[in-house]
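Shown next: run38.cif, containing mmCIF, C-alpha atoms.
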data_my_file
loop_
_atom_site.group_PDB
_atom_site.id
_atom_site.type_symbol
_atom_site.label_atom_id
_atom_site.label_comp_id
_atom_site.auth_asym_id
_atom_site.auth_seq_id
_atom_site.Cartn_x
_atom_site.Cartn_y
_atom_site.Cartn_z
ATOM 1 C CA MET A 115 -65.314 27.295 -17.662
ATOM 2 C CA SER A 116 -61.937 26.311 -16.290
ATOM 3 C CA THR A 117 -58.430 26.677 -17.689
ATOM 4 C CA PRO A 118 -57.958 24.367 -20.710
ATOM 5 C CA TYR A 119 -55.648 21.415 -20.176
ATOM 6 C CA ASN A 120 -54.113 18.924 -22.544
ATOM 7 C CA MET A 121 -55.339 15.565 -21.317
ATOM 8 C CA ALA A 122 -53.598 12.339 -22.311
ATOM 9 C CA PHE A 123 -55.696 9.521 -23.725
ATOM 10 C CA ALA A 124 -54.363 6.049 -24.440
ATOM 11 C CA CYS A 125 -55.796 3.086 -26.307
ATOM 12 C CA LEU A 126 -54.913 -0.241 -24.728
ATOM 13 C CA ASP A 127 -55.890 -2.137 -27.895
ATOM 14 C CA CYS A 128 -53.407 -0.574 -30.309
ATOM 15 C CA CYS A 129 -50.985 0.880 -27.732
ATOM 16 C CA SER A 130 -51.231 4.434 -28.973
ATOM 17 C CA SER A 131 -51.791 7.721 -27.190
ATOM 18 C CA PHE A 132 -52.833 11.247 -28.019
ATOM 19 C CA LYS A 133 -53.675 14.481 -26.232
ATOM 20 C CA ARG A 134 -56.770 16.636 -26.431
ATOM 21 C CA GLU A 135 -57.202 20.145 -25.119
ATOM 22 C CA LEU A 136 -60.274 20.230 -22.922
ATOM 23 C CA LYS A 137 -61.974 23.509 -22.108
ATOM 24 C CA LEU A 138 -64.322 21.963 -19.574
ATOM 25 C CA ALA A 139 -64.731 21.828 -15.847
ATOM 26 C CA PRO A 140 -62.798 18.829 -14.460
ATOM 27 C CA CYS A 141 -66.050 17.108 -13.494
ATOM 28 C CA ASP A 142 -67.027 17.184 -17.191
ATOM 29 C CA TYR A 143 -63.826 15.652 -18.594
ATOM 30 C CA PRO A 144 -64.634 12.583 -20.683
ATOM 31 C CA LYS A 145 -63.413 9.297 -19.207
ATOM 32 C CA GLN A 146 -62.803 7.958 -22.688
ATOM 33 C CA LEU A 147 -62.806 8.935 -26.354
ATOM 34 C CA THR A 148 -62.686 6.967 -29.568
ATOM 35 C CA CYS A 149 -59.133 6.102 -30.566
ATOM 36 C CA PRO A 150 -58.294 7.935 -33.808
ATOM 37 C CA ASN A 151 -55.867 5.134 -34.720
ATOM 38 C CA CYS A 152 -58.008 1.989 -34.436
ATOM 39 C CA GLY A 153 -61.503 3.129 -33.410
ATOM 40 C CA GLY A 154 -61.235 1.406 -30.034
ATOM 41 C CA VAL A 155 -61.612 2.971 -26.608
ATOM 42 C CA ALA A 156 -58.978 5.495 -25.543
ATOM 43 C CA HIS A 157 -58.959 6.104 -21.791
ATOM 44 C CA ASN A 158 -58.347 9.462 -20.124
ATOM 45 C CA TYR A 159 -55.157 9.184 -18.077
ATOM 46 C CA GLY A 160 -54.903 12.843 -17.120
ATOM 47 C CA ARG A 161 -52.413 15.609 -17.703
ATOM 48 C CA HIS A 162 -49.333 13.873 -16.340
ATOM 49 C CA PHE A 163 -49.452 10.515 -18.145
ATOM 50 C CA LYS A 164 -46.394 9.731 -20.237
ATOM 51 C CA ALA A 165 -47.184 6.974 -22.711
ATOM 52 C CA PRO A 166 -44.587 4.315 -23.422
ATOM 53 C CA LYS A 167 -43.304 3.822 -26.944
ATOM 54 C CA LYS A 168 -45.744 1.796 -29.002
ATOM 55 C CA SER A 169 -43.136 -0.972 -29.312
ATOM 56 C CA ASP A 170 -42.499 -1.221 -25.543
ATOM 57 C CA LYS A 171 -44.744 -4.197 -24.786
ATOM 58 C CA LYS A 172 -43.555 -4.530 -21.167
ATOM 59 C CA GLN A 173 -44.532 -0.970 -20.334
ATOM 60 C CA TRP A 174 -47.893 -1.295 -22.077
ATOM 61 C CA ALA A 175 -48.508 -4.481 -20.073
ATOM 62 C CA LYS A 176 -47.883 -2.439 -16.921
ATOM 63 C CA VAL A 177 -50.283 0.295 -18.086
ATOM 64 C CA LYS A 178 -52.947 -2.328 -18.841
ATOM 65 C CA TYR A 179 -52.425 -4.009 -15.459
ATOM 66 C CA LEU A 180 -52.780 -0.728 -13.584
ATOM 67 C CA HIS A 181 -55.856 0.187 -15.628
ATOM 68 C CA GLU A 182 -57.487 -3.177 -14.908
ATOM 69 C CA HIS A 183 -56.970 -2.523 -11.201
ATOM 70 C CA GLY A 184 -58.523 0.950 -11.246
ATOM 71 C CA PHE A 185 -55.500 3.205 -11.606
ATOM 72 C CA ARG A 186 -55.820 5.930 -14.239
ATOM 73 C CA PHE A 187 -52.502 7.723 -13.667
ATOM 74 C CA HIS A 188 -54.029 10.613 -11.797
ATOM 75 C CA LYS A 189 -52.001 11.915 -8.883
ATOM 76 C CA ILE A 190 -52.264 10.031 -5.620
ATOM 77 C CA ARG A 191 -51.680 12.382 -2.706
ATOM 78 C CA ILE A 192 -50.851 11.047 0.733
ATOM 79 C CA GLY A 193 -49.440 12.350 3.990
ATOM 80 C CA SER A 194 -50.505 15.227 6.175
ATOM 81 C CA GLY A 195 -52.249 17.821 4.084
ATOM 82 C CA HIS A 196 -52.000 15.452 1.106
ATOM 83 C CA HIS A 197 -48.892 17.230 -0.193
ATOM 84 C CA ASP A 198 -46.853 14.083 -0.855
ATOM 85 C CA VAL A 199 -47.429 12.616 -4.314
ATOM 86 C CA VAL A 200 -46.920 8.896 -4.912
ATOM 87 C CA SER A 201 -44.833 7.959 -7.949
ATOM 88 C CA TYR A 202 -46.320 5.379 -10.269
ATOM 89 C CA PRO A 203 -44.343 2.120 -10.621
ATOM 90 C CA GLU A 204 -41.726 1.614 -13.299
ATOM 91 C CA THR A 205 -42.196 -2.136 -13.853
ATOM 92 C CA LEU A 206 -45.008 -4.674 -13.885
ATOM 93 C CA GLU A 207 -43.591 -6.328 -10.751
ATOM 94 C CA GLN A 208 -43.618 -2.988 -8.944
ATOM 95 C CA ALA A 209 -47.151 -2.387 -10.239
ATOM 96 C CA LYS A 210 -48.352 -5.562 -8.528
ATOM 97 C CA GLU A 211 -47.078 -4.269 -5.177
ATOM 98 C CA PHE A 212 -48.412 -0.772 -5.931
ATOM 99 C CA VAL A 213 -51.942 -2.093 -6.551
ATOM 100 C CA VAL A 214 -51.983 -3.793 -3.165
ATOM 101 C CA LYS A 215 -50.463 -0.860 -1.280
ATOM 102 C CA TYR A 216 -52.639 1.865 -2.826
ATOM 103 C CA LYS A 217 -55.863 -0.032 -3.547
ATOM 104 C CA LYS A 218 -57.949 2.517 -1.622
ATOM 105 C CA TYR A 219 -57.014 5.095 -4.282
ATOM 106 C CA ALA A 220 -58.212 2.989 -7.214
ATOM 107 C CA VAL A 221 -61.122 4.251 -9.286
ATOM 108 C CA GLN A 222 -64.241 2.190 -8.817
ATOM 109 C CA THR A 223 -65.565 1.133 -12.212
#
Please express what this file holds, its structure, as structure tokens.
Amino acid sequence: MSTPYNMAFACLDCCSSFKRELKLAPCDYPKQLTCPNCGGVAHNYGRHFKAPKKSDKKQWAKVKYLHEHGFRFHKIRIGSGHHDVVSYPETLEQAKEFVVKYKKYAVQT
């Protein structure tokens, strides 16, 4: 059993997010849970995901775009020794460039 972490889950249908404490090994973390708000699919975006406000449609569009291209907001480490962490984009336009530049780090679904 590993140290429990609060993992962020977000539903792309109703644009809501929630956290769940998981007392599991990382390889056993669920990739998705049922959204408590609408019953849809809430995706696991890791410990560091900061959800936009529910009303911020532009930011949710960016989250959806990144998700559709295999990015789940987990850290992307590059450089020698993989110590440098890539920041996620702030806008949808930046996300389009990000997807191209970092496509090798996308999750295969």
Residues selected by the PyMOL selection byres ((chain A and resi 197-206) around 9), written as a ChimeraX atom specification: /A:172-173,175-177,179-180,187,189-196,207-212
Expected selection from the PyMOL selection byres ((chain A and resi 185) around 9), given as JSON, numbers by chain: {"A": [159, 177, 179, 180, 181, 182, 183, 184, 186, 187, 188, 213, 217, 219, 220, 221]}
A:Lys178, A:Pro144, A:Pro166, A:Arg161 ranked by distance to Ser131 in chain A, top pick (using only C-alpha atoms): A:Pro166
Shell of 7 Å around Val155 in chain A, all atoms listed in the file, local chain residues under 5 positions omitted, as a list in words: Cys125, Gln146, Leu147, Thr148 and Cys149 of chain A
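Residues matching the PyMOL selection byres ((chain A and resi 133) around 10) in this structure come to Tyr119, Asn120, Met121, Ala122, Phe123, Ala124, Ser131, Phe132, Arg134, Glu135, Leu136, Asn158, Tyr159, Gly160, Arg161 and Phe163 of chain A.
The spacing separating CA of His157 in chain A from CA of Lys145 in chain A amounts to 6.1 Å.
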Completion of range 169-180 of chain A up to N, CA, C and O atoms, as a compact mmCIF listing (two decimals), keeping the file's coordinate frame:
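Saved result, part_25.txt, follows:
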# COMPACT_ATOMS: atom_id res chain seq x y z
N SER A 169 -43.83 0.31 -29.24
CA SER A 169 -43.14 -0.97 -29.31
C SER A 169 -42.75 -1.55 -27.94
O SER A 169 -42.32 -2.70 -27.86
N ASP A 170 -42.92 -0.78 -26.88
CA ASP A 170 -42.50 -1.22 -25.54
C ASP A 170 -43.61 -2.04 -24.88
O ASP A 170 -44.38 -1.55 -24.06
N LYS A 171 -43.66 -3.30 -25.24
CA LYS A 171 -44.74 -4.20 -24.79
C LYS A 171 -44.77 -4.36 -23.27
O LYS A 171 -45.83 -4.48 -22.66
N LYS A 172 -43.59 -4.38 -22.62
CA LYS A 172 -43.56 -4.53 -21.17
C LYS A 172 -44.21 -3.34 -20.47
O LYS A 172 -44.96 -3.50 -19.51
N GLN A 173 -43.94 -2.15 -20.95
CA GLN A 173 -44.53 -0.97 -20.33
C GLN A 173 -46.04 -0.89 -20.60
O GLN A 173 -46.81 -0.51 -19.72
N TRP A 174 -46.45 -1.28 -21.80
CA TRP A 174 -47.89 -1.30 -22.08
C TRP A 174 -48.59 -2.35 -21.24
O TRP A 174 -49.72 -2.15 -20.80
N ALA A 175 -47.93 -3.46 -20.96
CA ALA A 175 -48.51 -4.48 -20.07
C ALA A 175 -48.71 -3.90 -18.68
O ALA A 175 -49.71 -4.16 -18.02
N LYS A 176 -47.76 -3.10 -18.23
CA LYS A 176 -47.88 -2.44 -16.92
C LYS A 176 -49.05 -1.46 -16.93
O LYS A 176 -49.86 -1.43 -15.99
N VAL A 177 -49.17 -0.66 -17.98
CA VAL A 177 -50.28 0.30 -18.09
C VAL A 177 -51.62 -0.45 -18.05
O VAL A 177 -52.53 -0.06 -17.32
N LYS A 178 -51.72 -1.53 -18.82
CA LYS A 178 -52.95 -2.33 -18.84
C LYS A 178 -53.25 -2.91 -17.47
O LYS A 178 -54.40 -2.89 -17.01
N TYR A 179 -52.24 -3.43 -16.79
CA TYR A 179 -52.42 -4.01 -15.46
C TYR A 179 -52.96 -2.95 -14.48
O TYR A 179 -53.92 -3.19 -13.74
N LEU A 180 -52.33 -1.79 -14.48
CA LEU A 180 -52.78 -0.73 -13.58
C LEU A 180 -54.21 -0.30 -13.92
O LEU A 180 -55.03 -0.12 -13.02
